[in-house]
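Have a look at the structure below, then the notes.
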Amino acid sequence: MPAYLERMPAGTPGDVSRKAQSVLEPVRLAEDIAFGGVIQLNASGEAVNLYDDTKPVYGILARPYPTQSALEADNALGATGKGKAGTIQDALRSGYMTVRVSPAEGTKPIKGTPVKVVFAASGSYAKGDYAVTQGKEIPGCTYMGEPDASGNTEIAFNI
């Protein structure tokens, strides 16, 4: 059993952290999307990666667990870390989830800090990165504390 000298890991990106307080909704993916990634809907009502900062954020892609398929279970535990195009996955519409703050972010989020997401890559920030100082604020989304050593932290969405 590992000894944690400073802090336990905060979780895995895309993992719903407080399941009893969360609302998940099935969505069909139009493209591969990383678990924990912010999603929008296209004209057909399918989930896509961020593409338009004038359109609302629909939800955040949740990891599929538990699952019966060995391939999906491996994926859910971090193999590729993406939901595959054409599959049905869960989107967090309200609740708490673990996400990874951009490694480029120099400012650590604290509880209550608004969550921002990067819509267009710039400098060391990639499209879809969670941040404190860069990108566009997600309405109704706040950080619940500081990130762990890997940059993972909990957010509250539409609470």
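Residues in the structure tokens are numbered from 1 in each chain, the chains being A, B, ... in the order shown, and ligands are numbered from 1 in the order shown.
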
List every residue of chain A that DSSP, applied to the backbone, labels as strand (DSSP E), and write the result as a PyMOL selection string.
chain A and resi 23-28+33-34+38-41+47-49+59-61+82-83+88-100+114-117+130-131+136-143+152-157

Which of chain A end up as helix (DSSP H, G or I) when DSSP is run on this backbone - answer as a PDB file with all heavy atoms, in the first residue's frame?
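Once written, out.pdb looks like this:
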```pdb
ATOM      1  N   LYS A  19     -20.996  10.844  -7.148  1.00  0.00           N
ATOM      2  CA  LYS A  19     -22.003  10.249  -8.021  1.00  0.00           C
ATOM      3  C   LYS A  19     -23.438  10.550  -7.596  1.00  0.00           C
ATOM      4  O   LYS A  19     -24.305  10.761  -8.432  1.00  0.00           O
ATOM      5  CB  LYS A  19     -21.752   8.755  -8.137  1.00  0.00           C
ATOM      6  CG  LYS A  19     -20.463   8.485  -8.917  1.00  0.00           C
ATOM      7  CD  LYS A  19     -19.954   7.087  -8.726  1.00  0.00           C
ATOM      8  CE  LYS A  19     -18.672   6.804  -9.459  1.00  0.00           C
ATOM      9  NZ  LYS A  19     -17.570   7.688  -9.249  1.00  0.00           N
ATOM     10  N   ALA A  20     -23.713  10.595  -6.300  1.00  0.00           N
ATOM     11  CA  ALA A  20     -25.075  10.822  -5.820  1.00  0.00           C
ATOM     12  C   ALA A  20     -25.595  12.220  -6.168  1.00  0.00           C
ATOM     13  O   ALA A  20     -26.796  12.410  -6.303  1.00  0.00           O
ATOM     14  CB  ALA A  20     -25.142  10.600  -4.313  1.00  0.00           C
ATOM     15  N   GLN A  21     -24.696  13.189  -6.328  1.00  0.00           N
ATOM     16  CA  GLN A  21     -25.110  14.558  -6.634  1.00  0.00           C
ATOM     17  C   GLN A  21     -24.989  14.896  -8.112  1.00  0.00           C
ATOM     18  O   GLN A  21     -25.044  16.058  -8.483  1.00  0.00           O
ATOM     19  CB  GLN A  21     -24.265  15.557  -5.835  1.00  0.00           C
ATOM     20  CG  GLN A  21     -24.506  15.566  -4.360  1.00  0.00           C
ATOM     21  CD  GLN A  21     -23.760  14.473  -3.624  1.00  0.00           C
ATOM     22  OE1 GLN A  21     -22.794  13.914  -4.117  1.00  0.00           O
ATOM     23  NE2 GLN A  21     -24.238  14.143  -2.445  1.00  0.00           N
ATOM     24  N   ALA A  70     -14.348  -5.636 -22.092  1.00  0.00           N
ATOM     25  CA  ALA A  70     -12.953  -5.518 -21.646  1.00  0.00           C
ATOM     26  C   ALA A  70     -12.264  -4.341 -22.318  1.00  0.00           C
ATOM     27  O   ALA A  70     -11.512  -3.602 -21.688  1.00  0.00           O
ATOM     28  CB  ALA A  70     -12.199  -6.811 -21.940  1.00  0.00           C
ATOM     29  N   LEU A  71     -12.528  -4.132 -23.617  1.00  0.00           N
ATOM     30  CA  LEU A  71     -11.925  -3.018 -24.342  1.00  0.00           C
ATOM     31  C   LEU A  71     -12.354  -1.689 -23.735  1.00  0.00           C
ATOM     32  O   LEU A  71     -11.534  -0.808 -23.484  1.00  0.00           O
ATOM     33  CB  LEU A  71     -12.310  -3.061 -25.825  1.00  0.00           C
ATOM     34  CG  LEU A  71     -11.816  -1.885 -26.668  1.00  0.00           C
ATOM     35  CD1 LEU A  71     -10.293  -1.867 -26.710  1.00  0.00           C
ATOM     36  CD2 LEU A  71     -12.375  -1.984 -28.065  1.00  0.00           C
ATOM     37  N   GLU A  72     -13.648  -1.543 -23.469  1.00  0.00           N
ATOM     38  CA  GLU A  72     -14.136  -0.293 -22.873  1.00  0.00           C
ATOM     39  C   GLU A  72     -13.621  -0.120 -21.453  1.00  0.00           C
ATOM     40  O   GLU A  72     -13.332   0.979 -21.021  1.00  0.00           O
ATOM     41  CB  GLU A  72     -15.667  -0.236 -22.895  1.00  0.00           C
ATOM     42  CG  GLU A  72     -16.245  -0.053 -24.263  1.00  0.00           C
ATOM     43  CD  GLU A  72     -15.799   1.247 -24.923  1.00  0.00           C
ATOM     44  OE1 GLU A  72     -15.768   2.297 -24.266  1.00  0.00           O
ATOM     45  OE2 GLU A  72     -15.466   1.203 -26.110  1.00  0.00           O
ATOM     46  N   ALA A  73     -13.498  -1.220 -20.698  1.00  0.00           N
ATOM     47  CA  ALA A  73     -12.986  -1.135 -19.335  1.00  0.00           C
ATOM     48  C   ALA A  73     -11.535  -0.650 -19.352  1.00  0.00           C
ATOM     49  O   ALA A  73     -11.151   0.213 -18.568  1.00  0.00           O
ATOM     50  CB  ALA A  73     -13.093  -2.479 -18.639  1.00  0.00           C
ATOM     51  N   ASP A  74     -10.721  -1.198 -20.263  1.00  0.00           N
ATOM     52  CA  ASP A  74      -9.333  -0.746 -20.378  1.00  0.00           C
ATOM     53  C   ASP A  74      -9.295   0.736 -20.714  1.00  0.00           C
ATOM     54  O   ASP A  74      -8.523   1.499 -20.155  1.00  0.00           O
ATOM     55  CB  ASP A  74      -8.588  -1.524 -21.466  1.00  0.00           C
ATOM     56  CG  ASP A  74      -8.288  -2.946 -21.041  1.00  0.00           C
ATOM     57  OD1 ASP A  74      -8.398  -3.244 -19.833  1.00  0.00           O
ATOM     58  OD2 ASP A  74      -7.951  -3.751 -21.924  1.00  0.00           O
ATOM     59  N   ASN A  75     -10.143   1.150 -21.636  1.00  0.00           N
ATOM     60  CA  ASN A  75     -10.201   2.546 -22.047  1.00  0.00           C
ATOM     61  C   ASN A  75     -10.631   3.421 -20.873  1.00  0.00           C
ATOM     62  O   ASN A  75     -10.067   4.481 -20.633  1.00  0.00           O
ATOM     63  CB  ASN A  75     -11.166   2.700 -23.221  1.00  0.00           C
ATOM     64  CG  ASN A  75     -11.041   4.043 -23.891  1.00  0.00           C
ATOM     65  OD1 ASN A  75     -10.005   4.673 -23.838  1.00  0.00           O
ATOM     66  ND2 ASN A  75     -12.107   4.479 -24.500  1.00  0.00           N
ATOM     67  N   ALA A  76     -11.625   2.978 -20.121  1.00  0.00           N
ATOM     68  CA  ALA A  76     -12.131   3.754 -18.997  1.00  0.00           C
ATOM     69  C   ALA A  76     -11.071   3.932 -17.921  1.00  0.00           C
ATOM     70  O   ALA A  76     -11.062   4.916 -17.209  1.00  0.00           O
ATOM     71  CB  ALA A  76     -13.361   3.081 -18.405  1.00  0.00           C
TER      72      ALA A  76
END
```

When you draw a straight line from atom CA of Ile60 of chain A to atom CA of Phe157 of chain A, how long is it in Å?
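Taking atom CA of Ile60 of chain A and atom CA of Phe157 of chain A, their separation equals 8.7 Å.
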
Give me, as a PDB file with N, CA, C and O atoms, in the first residue's frame, all polymer residues having an atom no more than 9 Å from Pro147 of chain A, counting only C-alpha atoms and skipping those fewer than 5 positions away in the same chain.
```pdb
ATOM      1  N   PRO A   9      -3.843  11.381  -4.577  1.00  0.00           N
ATOM      2  CA  PRO A   9      -4.237  11.820  -5.916  1.00  0.00           C
ATOM      3  C   PRO A   9      -5.706  12.245  -5.928  1.00  0.00           C
ATOM      4  O   PRO A   9      -6.530  11.683  -5.208  1.00  0.00           O
ATOM      5  N   ALA A  10      -6.026  13.239  -6.735  1.00  0.00           N
ATOM      6  CA  ALA A  10      -7.381  13.792  -6.783  1.00  0.00           C
ATOM      7  C   ALA A  10      -8.328  12.985  -7.664  1.00  0.00           C
ATOM      8  O   ALA A  10      -9.511  13.235  -7.668  1.00  0.00           O
ATOM      9  N   ARG A 100      -8.218  17.674 -15.488  1.00  0.00           N
ATOM     10  CA  ARG A 100      -6.794  18.024 -15.401  1.00  0.00           C
ATOM     11  C   ARG A 100      -6.602  19.473 -15.844  1.00  0.00           C
ATOM     12  O   ARG A 100      -6.963  19.844 -16.953  1.00  0.00           O
ATOM     13  N   VAL A 101      -6.009  20.271 -14.965  1.00  0.00           N
ATOM     14  CA  VAL A 101      -5.684  21.660 -15.286  1.00  0.00           C
ATOM     15  C   VAL A 101      -4.481  21.657 -16.226  1.00  0.00           C
ATOM     16  O   VAL A 101      -3.569  20.844 -16.084  1.00  0.00           O
ATOM     17  N   LYS A 108      -2.541  28.366  -9.639  1.00  0.00           N
ATOM     18  CA  LYS A 108      -3.285  27.222  -9.118  1.00  0.00           C
ATOM     19  C   LYS A 108      -4.710  27.656  -8.782  1.00  0.00           C
ATOM     20  O   LYS A 108      -4.910  28.684  -8.146  1.00  0.00           O
ATOM     21  N   PRO A 109      -5.683  26.855  -9.196  1.00  0.00           N
ATOM     22  CA  PRO A 109      -7.052  27.200  -8.815  1.00  0.00           C
ATOM     23  C   PRO A 109      -7.273  26.935  -7.328  1.00  0.00           C
ATOM     24  O   PRO A 109      -6.648  26.037  -6.761  1.00  0.00           O
ATOM     25  N   ILE A 110      -8.120  27.720  -6.723  1.00  0.00           N
ATOM     26  CA  ILE A 110      -8.545  27.489  -5.348  1.00  0.00           C
ATOM     27  C   ILE A 110     -10.057  27.333  -5.366  1.00  0.00           C
ATOM     28  O   ILE A 110     -10.713  27.642  -6.368  1.00  0.00           O
ATOM     29  N   ASN A 152      -4.584  17.183 -11.486  1.00  0.00           N
ATOM     30  CA  ASN A 152      -5.992  16.798 -11.409  1.00  0.00           C
ATOM     31  C   ASN A 152      -6.660  17.502 -10.249  1.00  0.00           C
ATOM     32  O   ASN A 152      -6.102  17.601  -9.160  1.00  0.00           O
ATOM     33  N   THR A 153      -7.873  17.972 -10.499  1.00  0.00           N
ATOM     34  CA  THR A 153      -8.645  18.638  -9.454  1.00  0.00           C
ATOM     35  C   THR A 153     -10.131  18.419  -9.708  1.00  0.00           C
ATOM     36  O   THR A 153     -10.534  18.016 -10.801  1.00  0.00           O
ATOM     37  N   GLU A 154     -10.927  18.698  -8.725  1.00  0.00           N
ATOM     38  CA  GLU A 154     -12.373  18.529  -8.836  1.00  0.00           C
ATOM     39  C   GLU A 154     -13.024  19.852  -9.231  1.00  0.00           C
ATOM     40  O   GLU A 154     -12.595  20.913  -8.789  1.00  0.00           O
TER      41      GLU A 154
END
```

Distance atom CA of Gly59 of chain A-atom CA of Ile138 of chain A, one decimal place?
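Value for the atom CA of Gly59 of chain A-atom CA of Ile138 of chain A distance: 10.1 Å.
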
Identify, on the basis of only C-alpha atoms, every residue whose closest approach to Leu24 of chain A does not exceed 10 Å; exclude the query and any residue fewer than 4 positions from it along the same chain; express the result as an mmCIF file with N, CA, C and O atoms, in the first residue's frame.
```cif
data_model
loop_
_atom_site.group_PDB
_atom_site.id
_atom_site.type_symbol
_atom_site.label_atom_id
_atom_site.label_comp_id
_atom_site.auth_asym_id
_atom_site.auth_seq_id
_atom_site.Cartn_x
_atom_site.Cartn_y
_atom_site.Cartn_z
ATOM 1 N N VAL A 16 -16.541 10.886 -12.476
ATOM 2 C CA VAL A 16 -17.532 11.612 -11.688
ATOM 3 C C VAL A 16 -17.191 11.369 -10.230
ATOM 4 O O VAL A 16 -17.145 10.230 -9.767
ATOM 5 N N LYS A 19 -20.996 10.844 -7.148
ATOM 6 C CA LYS A 19 -22.003 10.249 -8.021
ATOM 7 C C LYS A 19 -23.438 10.550 -7.596
ATOM 8 O O LYS A 19 -24.305 10.761 -8.432
ATOM 9 N N GLY A 59 -21.856 19.930 -21.855
ATOM 10 C CA GLY A 59 -21.523 19.075 -20.722
ATOM 11 C C GLY A 59 -20.058 18.698 -20.755
ATOM 12 O O GLY A 59 -19.265 19.264 -21.505
ATOM 13 N N ILE A 60 -19.716 17.713 -19.934
ATOM 14 C CA ILE A 60 -18.345 17.222 -19.845
ATOM 15 C C ILE A 60 -18.408 15.703 -19.976
ATOM 16 O O ILE A 60 -19.217 15.048 -19.322
ATOM 17 N N LEU A 61 -17.557 15.143 -20.830
ATOM 18 C CA LEU A 61 -17.595 13.709 -21.101
ATOM 19 C C LEU A 61 -17.106 12.904 -19.901
ATOM 20 O O LEU A 61 -15.997 13.111 -19.409
ATOM 21 N N ALA A 62 -17.954 11.985 -19.425
ATOM 22 C CA ALA A 62 -17.649 11.157 -18.252
ATOM 23 C C ALA A 62 -17.074 9.807 -18.667
ATOM 24 O O ALA A 62 -17.394 9.283 -19.733
ATOM 25 N N GLN A 89 -21.985 7.638 -25.042
ATOM 26 C CA GLN A 89 -21.240 7.866 -23.804
ATOM 27 C C GLN A 89 -22.075 8.753 -22.894
ATOM 28 O O GLN A 89 -23.098 9.293 -23.299
ATOM 29 N N ASP A 90 -21.626 8.930 -21.666
ATOM 30 C CA ASP A 90 -22.324 9.792 -20.711
ATOM 31 C C ASP A 90 -21.703 11.181 -20.680
ATOM 32 O O ASP A 90 -20.474 11.314 -20.688
ATOM 33 N N ALA A 91 -22.567 12.173 -20.610
ATOM 34 C CA ALA A 91 -22.128 13.560 -20.443
ATOM 35 C C ALA A 91 -22.613 14.044 -19.084
ATOM 36 O O ALA A 91 -23.781 13.859 -18.736
ATOM 37 N N LEU A 92 -21.705 14.630 -18.323
ATOM 38 C CA LEU A 92 -22.079 15.240 -17.052
ATOM 39 C C LEU A 92 -22.818 16.536 -17.368
ATOM 40 O O LEU A 92 -22.272 17.425 -18.018
ATOM 41 N N ARG A 93 -24.061 16.631 -16.933
ATOM 42 C CA ARG A 93 -24.853 17.842 -17.142
ATOM 43 C C ARG A 93 -24.902 18.686 -15.871
ATOM 44 O O ARG A 93 -25.118 19.886 -15.918
ATOM 45 N N SER A 94 -24.705 18.026 -14.730
ATOM 46 C CA SER A 94 -24.683 18.711 -13.449
ATOM 47 C C SER A 94 -23.980 17.793 -12.457
ATOM 48 O O SER A 94 -24.252 16.592 -12.431
ATOM 49 N N GLY A 95 -23.075 18.350 -11.678
ATOM 50 C CA GLY A 95 -22.411 17.540 -10.668
ATOM 51 C C GLY A 95 -20.946 17.871 -10.507
ATOM 52 O O GLY A 95 -20.499 18.971 -10.836
#
```

Which one of A:Ala126, A:Met97, A:Leu50, A:Ala121 sits closest to Met144 of chain A if you count only C-alpha atoms?
A:Met97

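The space separating atom CA of Ser17 of chain A from atom CA of Pro139 of chain A comes to 19.8 Å.
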
For Gly37 of chain A, please output as a VMD selection string all residues within 8 Å (counting only C-alpha atoms; exclusion window: fewer than 2 positions along the same chain).
chain A and resid 14 33 to 35 39 49 60 to 61 128

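The residue that comes closest to Val38 of chain A, out of A:Gly81, A:Phe119, A:Glu25, A:Asn158 and on the basis of only C-alpha atoms, is A:Phe119.
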
Select, from A:Val115, A:Glu46, A:Leu41, A:Thr107, the residue with the minimum atom-to-atom distance to Tyr58 of chain A, counting only C-alpha atoms.
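The closest residue to Tyr58 of chain A is A:Leu41.
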
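The nearest approach to Thr87 of chain A among the residues A:Val48, A:Thr54, A:Pro13, A:Arg28, with only C-alpha atoms taken into account, belongs to A:Arg28.
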
May I ask which of the residues A:Gly145, A:Pro64, A:Gly151, A:Gly86 is the closest one to Ala47 of chain A, counting only C-alpha atoms?
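Selected residue with least distance to Ala47 of chain A: A:Gly86.
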
Smallest atom-to-atom distance to Gly83 of chain A: which of A:Val57, A:Lys136, A:Glu31, A:Ile155, using only C-alpha atoms?
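Closest to Gly83 of chain A, using only C-alpha atoms: A:Glu31.
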